[in-house]
Structures are given as structure tokens and as C-alpha cells.
$ cat start-v8.txt   # compact mmCIF, C-alpha atoms and all ligand atoms
# COMPACT_ATOMS: atom_id res chain seq x y z
CA MET U 743 25.20 -44.08 -0.85
CA SER U 744 25.50 -40.41 0.07
CA HIS U 745 28.51 -41.35 2.21
CA ARG U 746 30.63 -42.47 -0.73
CA THR U 747 34.09 -40.96 -0.68
CA VAL U 748 35.40 -39.87 -4.05
CA LEU U 749 38.95 -39.16 -5.15
CA ILE U 750 39.24 -36.95 -8.23
CA ALA U 751 42.50 -36.64 -10.19
CA GLY U 752 42.88 -33.16 -11.72
CA ALA U 753 42.00 -29.68 -10.48
CA GLY U 754 41.35 -28.27 -13.97
CA ILE U 755 37.76 -27.60 -14.98
CA ALA U 756 36.02 -30.99 -14.82
CA GLY U 757 37.53 -32.01 -11.45
CA PRO U 758 36.41 -28.99 -9.38
CA ALA U 759 33.03 -28.93 -11.19
CA LEU U 760 32.49 -32.55 -10.14
CA ALA U 761 33.57 -31.72 -6.57
CA HIS U 762 30.91 -29.01 -6.52
CA TRP U 763 28.11 -31.36 -7.59
CA LEU U 764 29.24 -34.22 -5.36
CA HIS U 765 29.10 -31.85 -2.41
CA ARG U 766 25.59 -30.77 -3.39
CA HIS U 767 24.61 -34.46 -3.28
CA GLY U 768 26.31 -35.04 0.06
CA MET U 769 29.44 -36.83 -1.14
CA PRO U 770 32.78 -35.54 0.10
CA ALA U 771 35.50 -35.25 -2.53
CA THR U 772 39.28 -35.12 -2.44
CA VAL U 773 41.01 -33.61 -5.48
CA VAL U 774 44.64 -34.48 -6.20
CA GLU U 775 46.41 -32.16 -8.65
CA ARG U 776 49.83 -32.97 -10.02
CA ALA U 777 50.90 -29.33 -10.39
CA PRO U 778 52.22 -27.61 -7.25
CA GLY U 779 49.38 -25.08 -7.37
CA LEU U 780 46.28 -24.34 -9.37
CA ARG U 781 47.24 -24.68 -13.05
CA ALA U 782 45.48 -21.54 -14.16
CA GLY U 783 47.00 -21.25 -17.63
CA GLY U 784 45.23 -21.34 -20.97
CA GLN U 785 43.54 -19.08 -23.40
CA THR U 786 39.92 -18.20 -23.96
CA VAL U 787 37.30 -20.91 -23.55
CA ASP U 788 33.54 -20.58 -23.83
CA LEU U 789 30.59 -21.91 -21.93
CA ARG U 790 27.72 -22.86 -24.18
CA GLY U 791 24.38 -24.61 -24.15
CA ALA U 792 24.08 -27.28 -21.47
CA GLY U 793 27.46 -26.27 -20.00
CA ARG U 794 26.25 -22.75 -19.47
CA ALA U 795 23.02 -24.06 -17.91
CA VAL U 796 25.12 -26.11 -15.46
CA ALA U 797 27.16 -23.01 -14.55
CA ARG U 798 23.86 -21.21 -13.89
CA ARG U 799 22.67 -24.04 -11.63
CA MET U 800 26.00 -23.84 -9.79
CA GLY U 801 25.34 -20.16 -9.12
CA LEU U 802 28.44 -19.25 -11.15
CA GLU U 803 26.98 -17.65 -14.26
CA ALA U 804 27.15 -14.08 -12.94
CA ALA U 805 30.79 -14.52 -11.89
CA VAL U 806 31.67 -16.02 -15.27
CA ARG U 807 29.92 -13.16 -16.99
CA ALA U 808 31.80 -10.62 -14.85
CA ALA U 809 35.12 -12.26 -15.79
CA SER U 810 34.25 -12.53 -19.48
CA THR U 811 36.82 -11.20 -21.95
CA GLY U 812 34.09 -9.18 -23.67
CA GLU U 813 35.22 -10.20 -27.14
CA ALA U 814 33.21 -8.35 -29.79
CA GLY U 815 33.56 -10.97 -32.53
CA ILE U 816 36.10 -12.09 -35.16
CA ARG U 817 37.44 -10.03 -38.00
CA PHE U 818 39.09 -11.99 -40.82
CA VAL U 819 41.98 -9.82 -41.92
CA ASP U 820 44.67 -9.86 -44.60
CA ALA U 821 48.40 -9.34 -44.14
CA ARG U 822 47.87 -5.56 -44.13
CA GLY U 823 45.31 -5.80 -41.34
CA ARG U 824 42.40 -4.94 -43.63
CA THR U 825 39.12 -6.55 -42.64
CA ARG U 826 37.91 -8.99 -45.30
CA ALA U 827 34.94 -10.37 -43.37
CA ALA U 828 33.60 -10.07 -39.82
CA LEU U 829 31.44 -12.21 -37.56
CA PRO U 830 30.17 -10.27 -34.54
CA ALA U 831 29.62 -12.16 -31.27
CA ASP U 832 25.86 -12.04 -31.79
CA ALA U 833 26.05 -13.71 -35.25
CA PHE U 834 24.32 -17.12 -35.36
CA GLY U 835 22.15 -16.17 -32.40
CA GLY U 836 25.25 -15.67 -30.23
CA GLN U 837 26.25 -19.34 -30.71
CA GLY U 838 28.89 -18.96 -33.41
CA PRO U 839 32.67 -19.21 -33.03
CA VAL U 840 32.67 -16.33 -30.53
CA THR U 841 29.92 -16.30 -27.90
CA GLU U 842 29.04 -13.61 -25.40
CA LEU U 843 30.47 -15.78 -22.60
CA GLU U 844 34.16 -16.08 -23.42
CA ILE U 845 36.40 -16.43 -20.37
CA LEU U 846 40.08 -17.18 -19.86
CA ARG U 847 40.48 -20.79 -18.81
CA GLY U 848 42.59 -19.72 -15.84
CA GLU U 849 39.87 -17.40 -14.54
CA LEU U 850 37.29 -20.15 -14.79
CA CYS U 851 39.64 -22.56 -13.04
CA ARG U 852 40.06 -20.07 -10.17
CA LEU U 853 36.31 -19.46 -9.91
CA LEU U 854 35.67 -23.18 -9.59
CA TYR U 855 38.43 -23.63 -7.04
CA GLU U 856 37.19 -20.73 -4.91
CA ALA U 857 33.65 -22.10 -5.07
CA THR U 858 34.71 -25.56 -3.83
CA ARG U 859 37.78 -25.15 -1.64
CA GLU U 860 35.81 -24.89 1.61
CA HIS U 861 34.22 -28.29 1.30
CA THR U 862 36.72 -30.13 -0.90
CA ALA U 863 40.14 -31.41 0.18
CA TYR U 864 42.62 -30.21 -2.46
CA VAL U 865 46.03 -31.86 -2.51
CA PHE U 866 48.52 -30.13 -4.82
CA GLY U 867 51.86 -31.43 -6.06
CA ASP U 868 50.90 -35.08 -5.92
CA GLU U 869 49.46 -37.74 -8.20
CA ILE U 870 48.12 -41.26 -8.21
CA THR U 871 50.76 -43.86 -9.03
CA HIS U 872 48.77 -47.03 -8.54
CA LEU U 873 45.10 -48.00 -8.31
CA HIS U 874 43.89 -51.31 -6.99
CA ASP U 875 40.15 -51.90 -7.22
CA GLU U 876 39.42 -54.29 -4.35
CA GLY U 877 35.73 -54.64 -5.21
CA ASP U 878 34.35 -52.75 -2.23
CA ARG U 879 36.94 -49.90 -2.24
CA VAL U 880 39.77 -48.63 -4.41
CA HIS U 881 43.19 -48.73 -2.80
CA VAL U 882 45.19 -45.72 -4.02
CA THR U 883 48.94 -45.18 -3.88
CA PHE U 884 50.26 -41.63 -4.32
CA ARG U 885 53.67 -40.37 -5.39
CA HIS U 886 54.09 -38.52 -2.07
CA ALA U 887 51.15 -38.93 0.31
CA ALA U 888 50.42 -42.11 2.23
CA ALA U 889 48.21 -44.70 0.52
CA ARG U 890 44.45 -44.42 1.13
CA ALA U 891 41.23 -46.14 0.14
CA PHE U 892 38.24 -44.44 -1.52
CA ASP U 893 34.85 -45.68 -2.64
CA LEU U 894 35.33 -44.26 -6.13
CA VAL U 895 38.10 -42.67 -8.19
CA ILE U 896 37.46 -40.31 -11.10
CA ALA U 897 40.19 -39.44 -13.60
CA ALA U 898 39.65 -35.80 -14.63
CA ASP U 899 43.30 -35.11 -15.38
CA GLY U 900 43.00 -33.90 -18.95
CA ALA U 901 43.53 -35.28 -22.43
CA GLY U 902 46.88 -36.87 -21.55
CA SER U 903 45.41 -38.44 -18.37
CA HIS U 904 47.93 -40.63 -16.62
CA THR U 905 45.31 -41.80 -14.11
CA ARG U 906 43.09 -43.04 -16.96
CA ASP U 907 45.99 -44.95 -18.47
CA LEU U 908 46.72 -46.72 -15.16
CA VAL U 909 43.30 -48.37 -15.42
CA PHE U 910 42.31 -48.40 -19.08
CA GLY U 911 45.79 -49.02 -20.51
CA ASP U 912 46.05 -48.74 -24.26
CA THR U 913 42.32 -49.01 -24.99
CA THR U 914 42.24 -45.21 -25.35
CA ARG U 915 42.68 -43.88 -28.88
CA THR U 916 43.98 -40.46 -29.90
CA ARG U 917 42.54 -39.07 -33.14
CA HIS U 918 44.97 -36.53 -34.56
CA LEU U 919 43.33 -33.76 -36.56
CA GLY U 920 46.34 -32.82 -38.68
CA LEU U 921 46.93 -29.46 -37.05
CA CYS U 922 49.60 -27.99 -34.81
CA THR U 923 48.63 -24.97 -32.69
CA ALA U 924 50.78 -22.75 -30.49
CA TYR U 925 49.30 -20.51 -27.80
CA LEU U 926 51.06 -17.60 -26.13
CA THR U 927 50.36 -14.34 -24.34
CA ILE U 928 51.92 -11.25 -25.91
CA PRO U 929 52.08 -7.58 -24.91
CA ARG U 930 49.01 -5.64 -25.93
CA GLU U 931 49.36 -2.88 -28.50
CA PRO U 932 47.12 0.16 -28.96
CA HIS U 933 45.54 -1.25 -32.13
CA ASP U 934 44.44 -4.45 -30.33
CA ASP U 935 40.77 -3.81 -29.71
CA ARG U 936 37.85 -5.94 -28.49
CA TRP U 937 37.76 -7.89 -31.75
CA ALA U 938 39.65 -11.10 -32.42
CA ARG U 939 41.67 -10.83 -35.64
CA TRP U 940 42.15 -13.96 -37.74
CA HIS U 941 44.70 -13.86 -40.54
CA ASN U 942 44.60 -16.73 -43.03
CA ALA U 943 47.93 -17.03 -44.83
CA THR U 944 48.74 -19.52 -47.58
CA LYS U 945 49.56 -23.19 -46.83
CA GLY U 946 46.80 -23.26 -44.23
CA ARG U 947 48.71 -21.14 -41.72
CA THR U 948 46.69 -18.91 -39.43
CA VAL U 949 47.64 -16.16 -36.99
CA THR U 950 44.90 -15.16 -34.56
CA LEU U 951 45.00 -12.46 -31.91
CA ARG U 952 42.32 -12.31 -29.23
CA PRO U 953 41.68 -9.73 -26.53
CA ASP U 954 41.73 -10.71 -22.87
CA ASN U 955 40.73 -8.88 -19.70
CA GLN U 956 44.25 -8.82 -18.26
CA GLY U 957 45.77 -6.03 -20.34
CA THR U 958 47.50 -8.49 -22.68
CA THR U 959 46.68 -10.14 -26.00
CA ARG U 960 46.34 -13.85 -26.66
CA ALA U 961 48.04 -15.17 -29.79
CA TYR U 962 47.44 -18.43 -31.66
CA LEU U 963 49.63 -19.77 -34.44
CA SER U 964 48.29 -22.74 -36.33
CA PHE U 965 49.44 -24.81 -39.30
CA PRO U 966 48.46 -28.11 -40.90
CA THR U 967 50.79 -31.06 -40.49
CA PRO U 968 50.47 -34.83 -40.53
CA ALA U 969 53.11 -35.08 -37.78
CA HIS U 970 52.19 -35.10 -34.10
CA GLY U 971 53.72 -35.11 -30.64
CA TYR U 972 54.43 -31.35 -30.69
CA GLU U 973 53.47 -31.02 -27.01
CA ARG U 974 56.59 -33.00 -26.16
CA LEU U 975 58.93 -30.51 -27.89
CA GLU U 976 61.42 -28.64 -25.75
CA PRO U 977 60.50 -24.90 -25.65
CA ALA U 978 63.55 -23.94 -27.73
CA ALA U 979 62.64 -26.47 -30.43
CA GLY U 980 59.03 -25.24 -30.43
CA LYS U 981 60.19 -21.66 -30.98
CA ARG U 982 62.52 -22.70 -33.81
CA LEU U 983 59.69 -24.58 -35.49
CA LEU U 984 57.30 -21.62 -35.29
CA ARG U 985 59.92 -19.18 -36.57
CA ARG U 986 60.56 -21.44 -39.55
CA VAL U 987 56.90 -22.11 -40.41
CA PHE U 988 55.72 -18.50 -40.02
CA ALA U 989 58.85 -16.73 -41.36
CA ASP U 990 57.16 -15.38 -44.52
CA VAL U 991 53.64 -14.80 -43.21
CA GLY U 992 53.66 -11.05 -42.59
CA GLY U 993 50.82 -9.21 -40.87
CA GLU U 994 51.01 -9.73 -37.11
CA ALA U 995 53.21 -12.84 -37.46
CA PRO U 996 56.55 -11.01 -37.00
CA ARG U 997 55.19 -9.39 -33.83
CA VAL U 998 54.10 -12.75 -32.42
CA LEU U 999 57.41 -14.39 -33.38
CA ALA U 1000 59.30 -11.54 -31.70
CA ALA U 1001 57.27 -12.09 -28.53
CA LEU U 1002 58.07 -15.82 -28.50
CA GLU U 1003 61.35 -15.27 -26.67
CA SER U 1004 59.79 -13.70 -23.61
CA ALA U 1005 56.37 -15.38 -23.73
CA PRO U 1006 55.55 -16.59 -20.21
CA ASP U 1007 53.28 -19.38 -21.34
CA LEU U 1008 54.12 -20.72 -24.81
CA TYR U 1009 52.30 -23.99 -25.34
CA VAL U 1010 52.55 -25.99 -28.58
CA GLU U 1011 50.23 -28.94 -29.22
CA SER U 1012 49.06 -31.37 -31.84
CA VAL U 1013 45.32 -30.89 -31.98
CA ALA U 1014 43.66 -34.21 -31.22
CA GLN U 1015 40.61 -35.93 -29.79
CA VAL U 1016 40.44 -38.67 -27.16
CA LEU U 1017 38.24 -41.69 -27.89
CA MET U 1018 37.49 -44.33 -25.26
CA PRO U 1019 35.35 -47.43 -25.75
CA ARG U 1020 33.99 -47.06 -22.18
CA TRP U 1021 34.19 -44.49 -19.43
CA SER U 1022 34.35 -46.68 -16.35
CA GLN U 1023 35.86 -49.84 -15.08
CA GLY U 1024 34.81 -51.13 -11.68
CA ARG U 1025 35.01 -48.22 -9.25
CA VAL U 1026 37.04 -45.95 -11.53
CA GLY U 1027 35.45 -43.50 -13.98
CA VAL U 1028 36.71 -40.86 -16.39
CA LEU U 1029 35.45 -37.32 -16.91
CA GLY U 1030 36.10 -34.30 -19.13
CA ASP U 1031 39.03 -34.23 -21.56
CA ALA U 1032 40.42 -37.42 -20.00
CA ALA U 1033 37.36 -39.27 -21.27
CA HIS U 1034 36.51 -37.51 -24.50
CA CYS U 1035 38.65 -34.48 -25.37
CA ALA U 1036 36.87 -33.01 -28.39
CA SER U 1037 39.74 -30.60 -29.20
CA PRO U 1038 39.64 -26.78 -29.21
CA LEU U 1039 38.19 -26.99 -32.74
CA SER U 1040 34.92 -28.30 -31.30
CA GLY U 1041 34.38 -25.24 -29.10
CA MET U 1042 32.82 -27.67 -26.62
CA GLY U 1043 35.55 -28.98 -24.26
CA THR U 1044 34.67 -26.82 -21.29
CA SER U 1045 30.92 -27.14 -21.78
CA LEU U 1046 31.26 -30.94 -21.94
CA ALA U 1047 33.32 -30.93 -18.74
CA PHE U 1048 30.63 -28.95 -16.89
CA THR U 1049 27.81 -31.08 -18.27
CA GLY U 1050 29.63 -34.35 -17.55
CA ALA U 1051 30.37 -33.31 -13.97
CA TYR U 1052 26.71 -32.48 -13.37
CA VAL U 1053 25.48 -35.76 -14.87
CA LEU U 1054 28.07 -37.99 -13.22
CA ALA U 1055 27.41 -36.58 -9.73
CA GLY U 1056 23.65 -36.73 -10.32
CA GLU U 1057 23.75 -40.38 -11.41
CA LEU U 1058 26.01 -41.35 -8.51
CA ALA U 1059 23.46 -39.80 -6.17
CA ARG U 1060 20.54 -41.45 -7.93
CA HIS U 1061 21.87 -45.03 -8.03
CA ALA U 1062 22.71 -47.24 -5.09
CA HIS U 1063 25.27 -49.17 -7.14
CA HIS U 1064 28.16 -47.38 -8.79
CA THR U 1065 28.02 -49.68 -11.83
CA ASP U 1066 24.47 -48.50 -12.57
CA ALA U 1067 25.50 -44.88 -11.98
CA PHE U 1068 28.47 -45.09 -14.37
CA ALA U 1069 26.31 -46.81 -17.00
CA ALA U 1070 23.60 -44.14 -16.72
CA TYR U 1071 26.20 -41.33 -16.90
CA GLU U 1072 27.73 -42.81 -20.01
CA SER U 1073 24.48 -43.54 -21.81
CA ALA U 1074 23.16 -40.03 -21.06
CA LEU U 1075 26.29 -38.18 -22.13
CA ARG U 1076 27.84 -40.27 -24.90
CA PRO U 1077 25.53 -39.18 -27.75
CA TYR U 1078 26.18 -35.53 -26.85
CA VAL U 1079 29.93 -36.12 -26.81
CA ALA U 1080 29.71 -37.95 -30.14
CA ARG U 1081 27.98 -34.93 -31.69
CA ALA U 1082 30.66 -32.61 -30.28
CA GLN U 1083 33.46 -34.83 -31.59
CA LYS U 1084 31.92 -35.16 -35.04
CA LEU U 1085 33.56 -32.18 -36.68
CA PRO U 1086 31.81 -30.89 -39.81
CA PRO U 1087 33.14 -32.20 -43.14
CA GLY U 1088 36.34 -30.47 -44.18
CA VAL U 1089 37.17 -29.07 -40.72
CA PRO U 1090 39.86 -27.95 -39.98
CA ARG U 1091 41.05 -27.57 -43.61
CA ILE U 1092 38.05 -25.52 -44.67
CA ALA U 1093 38.78 -22.75 -42.13
CA SER U 1094 42.41 -22.44 -43.21
CA PRO U 1095 42.69 -22.64 -47.00
CA ARG U 1096 46.04 -23.40 -48.60
CA THR U 1097 45.89 -20.99 -51.53
CA ARG U 1098 45.18 -17.29 -52.10
CA ALA U 1099 42.14 -18.21 -54.19
CA GLY U 1100 40.86 -20.43 -51.36
CA ILE U 1101 41.31 -17.60 -48.85
CA ARG U 1102 39.42 -15.19 -51.13
CA THR U 1103 36.57 -17.69 -51.52
CA LEU U 1104 36.34 -18.25 -47.77
CA ASN U 1105 36.20 -14.50 -47.13
CA THR U 1106 33.47 -14.09 -49.75
CA VAL U 1107 31.38 -16.79 -48.08
CA LEU U 1108 31.96 -15.28 -44.61
CA ARG U 1109 30.95 -11.83 -45.87
CA ALA U 1110 27.62 -13.30 -46.96
CA ALA U 1111 26.96 -14.72 -43.48
CA GLY U 1112 24.20 -12.17 -42.86
CA HIS U 1113 22.12 -13.71 -45.67
CA PRO U 1114 19.68 -16.25 -44.12
CA ARG U 1115 20.48 -19.10 -46.54
CA VAL U 1116 24.24 -18.62 -46.27
CA SER U 1117 23.89 -18.25 -42.52
CA ARG U 1118 22.03 -21.58 -42.30
CA ALA U 1119 24.70 -23.32 -44.37
CA LEU U 1120 27.56 -21.73 -42.44
CA GLY U 1121 25.86 -22.54 -39.15
CA ARG U 1122 26.52 -26.23 -39.86
CA PHE U 1123 30.23 -25.46 -39.66
CA LEU U 1124 30.34 -22.69 -37.10
CA VAL U 1125 27.68 -23.47 -34.49
CA PRO U 1126 28.66 -26.33 -32.15
CA PRO U 1127 25.85 -28.68 -31.04
CA ALA U 1128 25.93 -27.24 -27.50
CA ASP U 1129 22.15 -26.92 -27.24
CA THR U 1130 21.42 -30.53 -28.13
CA PHE U 1131 21.44 -31.90 -24.58
CA ARG U 1132 18.68 -31.60 -22.02
CA LEU U 1133 19.97 -31.59 -18.48
CA PRO U 1134 18.32 -34.27 -16.35
CA ALA U 1135 16.83 -33.10 -13.03
CA TYR U 1136 18.59 -34.53 -9.99
CA GLY U 1137 16.66 -32.74 -7.28
CA VAL U 1138 19.37 -30.39 -5.99
C1 LIG B 1 47.21 -25.42 -18.77
C2 LIG B 1 46.03 -25.69 -19.68
C3 LIG B 1 45.70 -24.78 -20.68
C4 LIG B 1 44.61 -25.01 -21.52
N1 LIG B 1 44.32 -24.09 -22.47
C5 LIG B 1 43.26 -24.27 -23.27
C6 LIG B 1 42.92 -23.31 -24.26
O1 LIG B 1 43.60 -22.30 -24.40
N2 LIG B 1 41.83 -23.52 -25.06
C7 LIG B 1 41.05 -24.65 -24.90
O2 LIG B 1 40.07 -24.80 -25.62
N3 LIG B 1 41.35 -25.58 -23.97
C8 LIG B 1 42.42 -25.43 -23.16
N4 LIG B 1 42.73 -26.38 -22.21
C9 LIG B 1 41.86 -27.57 -22.13
C10 LIG B 1 40.53 -27.25 -21.44
O3 LIG B 1 40.75 -26.81 -20.13
C11 LIG B 1 39.67 -28.49 -21.46
O4 LIG B 1 39.39 -28.84 -22.81
C12 LIG B 1 38.30 -28.42 -20.81
O5 LIG B 1 38.10 -27.28 -20.03
C13 LIG B 1 38.05 -29.66 -19.95
O6 LIG B 1 38.85 -29.56 -18.80
P1 LIG B 1 39.42 -30.79 -17.97
O7 LIG B 1 39.28 -30.39 -16.54
O8 LIG B 1 38.81 -32.07 -18.41
O9 LIG B 1 40.96 -30.87 -18.37
P2 LIG B 1 42.12 -29.81 -18.09
O10 LIG B 1 41.61 -28.42 -18.11
O11 LIG B 1 43.21 -30.19 -19.03
O12 LIG B 1 42.59 -30.10 -16.57
C14 LIG B 1 43.29 -31.26 -16.22
C15 LIG B 1 43.98 -31.00 -14.89
O13 LIG B 1 44.59 -32.23 -14.46
C16 LIG B 1 45.92 -31.96 -14.02
N5 LIG B 1 46.70 -33.20 -14.16
C17 LIG B 1 47.35 -33.67 -15.25
N6 LIG B 1 47.89 -34.86 -14.99
C18 LIG B 1 47.59 -35.16 -13.70
C19 LIG B 1 47.84 -36.28 -12.84
N7 LIG B 1 48.52 -37.33 -13.27
N8 LIG B 1 47.35 -36.23 -11.58
C20 LIG B 1 46.65 -35.16 -11.13
N9 LIG B 1 46.38 -34.08 -11.89
C21 LIG B 1 46.84 -34.09 -13.16
C22 LIG B 1 46.38 -30.83 -14.90
O14 LIG B 1 47.48 -30.15 -14.32
C23 LIG B 1 45.11 -29.98 -14.96
O15 LIG B 1 45.03 -29.11 -13.86
C24 LIG B 1 43.83 -26.19 -21.37
C25 LIG B 1 44.17 -27.12 -20.37
C26 LIG B 1 45.25 -26.89 -19.53
C27 LIG B 1 45.61 -27.89 -18.44

$ encode --input "start-v8.txt" --output "C-alpha cells"
Amino acid sequence: MSHRTVLIAGAGIAGPALAHWLHRHGMPATVVERAPGLRAGGQTVDLRGAGRAVARRMGLEAAVRAASTGEAGIRFVDARGRTRAALPADAFGGQGPVTELEILRGELCRLLYEATREHTAYVFGDEITHLHDEGDRVHVTFRHAAARAFDLVIAADGAGSHTRDLVFGDTTRTRHLGLCTAYLTIPREPHDDRWARWHNATKGRTVTLRPDNQGTTRAYLSFPTPAHGYERLEPAAGKRLLRRVFADVGGEAPRVLAALESAPDLYVESVAQVLMPRWSQGRVGVLGDAAHCASPLSGMGTSLAFTGAYVLAGELARHAHHTDAFAAYESALRPYVARAQKLPPGVPRIASPRTRAGIRTLNTVLRAAGHPRVSRALGRFLVPPADTFRLPAYGV
């Protein structure tokens, strides 16, 4: 069983993490990535709980720590930049909305690639177009490369996974969370310090600026909406939409809107979760966001990808039959994923009130976060269930 060959779709976070663990268990992996090179975009992600423990077991924790953005915490500010409440990174035992291990997604992606490229065959600029499970092997057709057969195929190609859809068709459900978020990198200004600044404006609109370790600032614009499909907007339409929605917001909004034109990486999305009734079919499995995107609101996407990669590789090594391995992977991980996907009542509305009175109330509650009883109550909303999974031991 240690000679199984595995094809992974997606060189994001989950794919390379799985390649690492498969290698540790003696299984060679090939990773096919649709983008022409490593897709090292994205804003800040965090590694928490079990995910952080997996990074430690991979020998990556020190490198992640060294590449951390060093965010000091979040200040909730008004349109004049005045701090109305603040949550330092060590609030909630360091497990609140900002943790001490915040890293740019792209940096983490590079770390994983560098750690696996010597033993993993990476194929960039290609993708799977057809999968035929022949019972003893999976016959794979690619857009460019010649067809090949593998023992197993794992779809780790993100929330919009095309590979998943080839096999699981329309059994996958998308749960829209009623929020549109835009991400972009903007020039840093002298008053951008190590603190994230979160400005709640009326109608549930938020403008957040976060420090990075690249000499720039990361901006997030978010607003509630029942519509979805924003990720399919042309860039010009996305910019028009943001200019219209944030026109009267004030604070840092005009600066972010001005930077839209030259932003190298504007990305607009409808915030959503991926729900699948099962994570494998025959010799094909799903991993990471492709299987169970929990959305950026969960604060758990990257940690789940690390944990899932560790468990999937471990179960494949432990079981002679892939069906047993996939079943064990799913039964171990699914309750953890369910907890991550179960957003607290009122989220996301509660974090972005519609009215001035609502914003004032939220700030008052946040200011009281140091009080033990308020802290316990707030913890239900602000501390993800990252520590609620015990990593199995797989002997490597
Ligand atoms: C460019 C980008 C930016 C992101 N920014 C953020 C962020 O700012 N904040 C946040 O919380 N989360 C972000 N995410 C999501 C975050 O990375 C995941 O929630 C989490 O880390 C789990 O990662 P994943 O590997 O499952 O999926 P992803 O990180 O989405 O990686 C999926 C990979 O699969 C590739 N791919 C897509 N389709 C195919 C295909 N058909 N064949 C082969 N490869 C394919 C993609 O190019 C990508 O490299 C971002 C993802 C991407 C791709």
C-alpha cells in the first residue's frame, strides 16, 4: 500500500500539505496546478489549534513564525480613525480573531512548495479534464499532458473545485452567507502600524486595513447582500460596485477606493461555504476548501486544510484498502469541520451592525472584553473551535 501513486489537483495549501504527508508515509505524489505558476496570492490567514500542531509536526512552525505578519491586534475605529475598542492579539488566550501566527497566504503557499518540491512532481499550467475510475486505477485525462493512470486522485483545488465537480457533479451545495468581500493590497502609509483597523460604517459595511510584512497594507471591503456570484464579475464591474457601495463611508474608504485602480490583486467574492454529503467516491477523494470550505469568517480554512492533509495521508497509510482509508478520514474529520462551519448565531450580521446605535452597542461590548464574564460570552463568537480536535498518531 505504500506504493500507491497519488495525483493531487491544486497546489494551494491543502495540496502541498498532503504531498508532504504522503511522502512521509512513502507514497509519491504528483500535484497538478491549473495556474501557470504557484498561485501565491491572498491576504492574511492564520494557523490555529490542530492545524498549527500539524505545521509543527511538519517542521514548519519556525518558518511560519518567522514569516508572520506580526499583527498586534484589532482596533475598532470610527470614521475619524479614533479607537472605539481594541482586541490585542493575546486576547482570548491568543485564540481570538487575531492570533500570534498570522501569515500571508502566499508566504505559506511558498513555504509548503519549497518543503515538498524535491520529492513531489509539480505540474503547472494544466488541469484534469476527465476522470475514469476503472476500479483498480483511475485513468486521468489532462488538458495538455498525456493521459495517465494513478491509484488515487485527490481534489484539493479550492472552493470552486472543478475536479470535484467532475466526479461528484451537483451533489455539492454552496451555502451563501449574505456577504460580499473585496480584498486588495494598497500602498502603506506612515500611520499604518502593526494593528489592524476595523471601521464599521452603517448598513453593515466594513473597511478593514491589516499590516503585512511586505511593506504594503492589506485592505478588505465588506458589505451585506443577498446576491451572489461576485467572483465572476469583470474587474471593471467589481470596481464600479465598490465605488458605489462605499461612496459615502469616509474614514479610510476613499483611500482604498482610490487605490482600486492600480491594485495588483483585487479579488471580489461572495462569502460562502461548501457542503458535501461525502468526501470520496471510489478512488477519488476531496480535501481542504474543495471538500468543506468554511469561509474566511470561520478563521479555520487553512487550519482545516493542514489537519485534513495530515489525517488523509495517515489513514491512507494505515489502511490496506482505500475505501476504508477514505471512510476513516471522513469520520475523523467531519465533526471538526461541522464545528468550524457552524458559525455562531447572528454571524456575520452581528459583527457589522446596520445602524449607528448598533455600532455603538457593539463597541461598548468589545470594550468590556477584558471582563471575565463578557470575555466568556464574546469567546463564543470570536474564538473558533480550532482546539477541539486531537490529532491521531500515525507513527511518522
Ligand atoms: C489566490 C487565493 C487567495 C486566497 N486568499 C485568501 C484570503 O485572503 N483569506 C482566506 O481566509 N482565504 C484565502 N484563500 C483561501 C484559503 O487559501 C483556503 O481557505 C485554505 O487555505 C485552504 O486551502 P486549499 O488549498 O484547500 O484551497 P486554495 O488555497 O483555494 O488552493 C486551491 C488551489 O487549486 C488551484 N486550482 C483551482 N482550480 C484548479 C484545477 N481545476 N486544477 C488544478 N488546480 C486548480 C488554485 O489555483 C489554487 O492554487 C485564498 C485562496 C486562493 C486560491

$ closest_atom_pairs --input "start-v8.txt" --of "chain U" --to "ligand LIG 1 (chain B)" --cutoff "6 Å" --atoms "all atoms listed in the file" --output "Markdown table"
| residue | atom | partner | partner_atom | distance |
| --- | --- | --- | --- | --- |
| U:Ala751 | CA | B:LIG1 | C20 | 4.5 |
| U:Gly752 | CA | B:LIG1 | O13 | 3.4 |
| U:Ala753 | CA | B:LIG1 | O15 | 4.6 |
| U:Gly754 | CA | B:LIG1 | O12 | 3.4 |
| U:Ile755 | CA | B:LIG1 | O7 | 3.5 |
| U:Ala756 | CA | B:LIG1 | O7 | 3.7 |
| U:Gly757 | CA | B:LIG1 | O7 | 5.6 |
| U:Val774 | CA | B:LIG1 | C20 | 5.4 |
| U:Glu775 | CA | B:LIG1 | N9 | 3.8 |
| U:Arg776 | CA | B:LIG1 | C20 | 4.0 |
| U:Ala777 | CA | B:LIG1 | O14 | 5.3 |
| U:Arg781 | CA | B:LIG1 | O15 | 5.0 |
| U:Gly783 | CA | B:LIG1 | C1 | 4.3 |
| U:Gly784 | CA | B:LIG1 | N1 | 3.3 |
| U:Gln785 | CA | B:LIG1 | O1 | 3.4 |
| U:Thr786 | CA | B:LIG1 | O1 | 5.5 |
| U:Val787 | CA | B:LIG1 | O2 | 5.2 |
| U:Glu869 | CA | B:LIG1 | N8 | 4.3 |
| U:Ala898 | CA | B:LIG1 | O8 | 5.4 |
| U:Asp899 | CA | B:LIG1 | O13 | 3.3 |
| U:Gly900 | CA | B:LIG1 | O9 | 3.7 |
| U:Ser903 | CA | B:LIG1 | N6 | 5.5 |
| U:His904 | CA | B:LIG1 | N7 | 4.7 |
| U:Thr905 | CA | B:LIG1 | N7 | 5.6 |
| U:Gly1030 | CA | B:LIG1 | O8 | 3.6 |
| U:Asp1031 | CA | B:LIG1 | O8 | 3.8 |
| U:Ala1032 | CA | B:LIG1 | O8 | 5.8 |
| U:Pro1038 | CA | B:LIG1 | O2 | 4.1 |
| U:Gly1043 | CA | B:LIG1 | O4 | 4.1 |
| U:Thr1044 | CA | B:LIG1 | O5 | 3.7 |
| U:Ala1047 | CA | B:LIG1 | C13 | 5.0 |

$ residues_near_point --input "start-v8.txt" --point "(25.4, -24.6, -23.8)" --cutoff "6 Å" --atoms "all atoms listed in the file" --output "PyMOL selection string"
chain U and resi 790-794+1128-1129

$ closest_residue --input "start-v8.txt" --among "U:Ala1000, U:Leu963, U:Val1053, U:Leu908" --to "U:Ala1074" --atoms "all atoms listed in the file"
U:Val1053

$ atom_distance --input "start-v8.txt" --atom1 "atom CA of U:Thr841" --atom2 "atom CA of U:Ser964"
21.2 Å

$ axis_aligned_box --input "start-v8.txt" --around "stretch 958-969 of chain U" --padding-each-side "8 Å" --output "AutoDock Vina command-line options"
--center_x 49.7 --center_y -21.8 --center_z -31.8 --size_x 22.8 --size_y 42.6 --size_z 34.2

$ atom_distance --input "start-v8.txt" --atom1 "atom CA of U:Leu850" --atom2 "atom CA of U:Ala938"
20.0 Å

$ residues_around --input "start-v8.txt" --residues "stretch 951-955 of chain U" --least-positions-apart "2" --cutoff "7 Å" --atoms "all atoms listed in the file" --output "list of chain:residue names"
U:Thr811, U:Glu813, U:Asp935, U:Arg936, U:Trp937, U:Ala938, U:Arg939, U:Trp940, U:Val949, U:Gly957, U:Thr958, U:Thr959, U:Arg960, U:Ala961, U:Tyr962
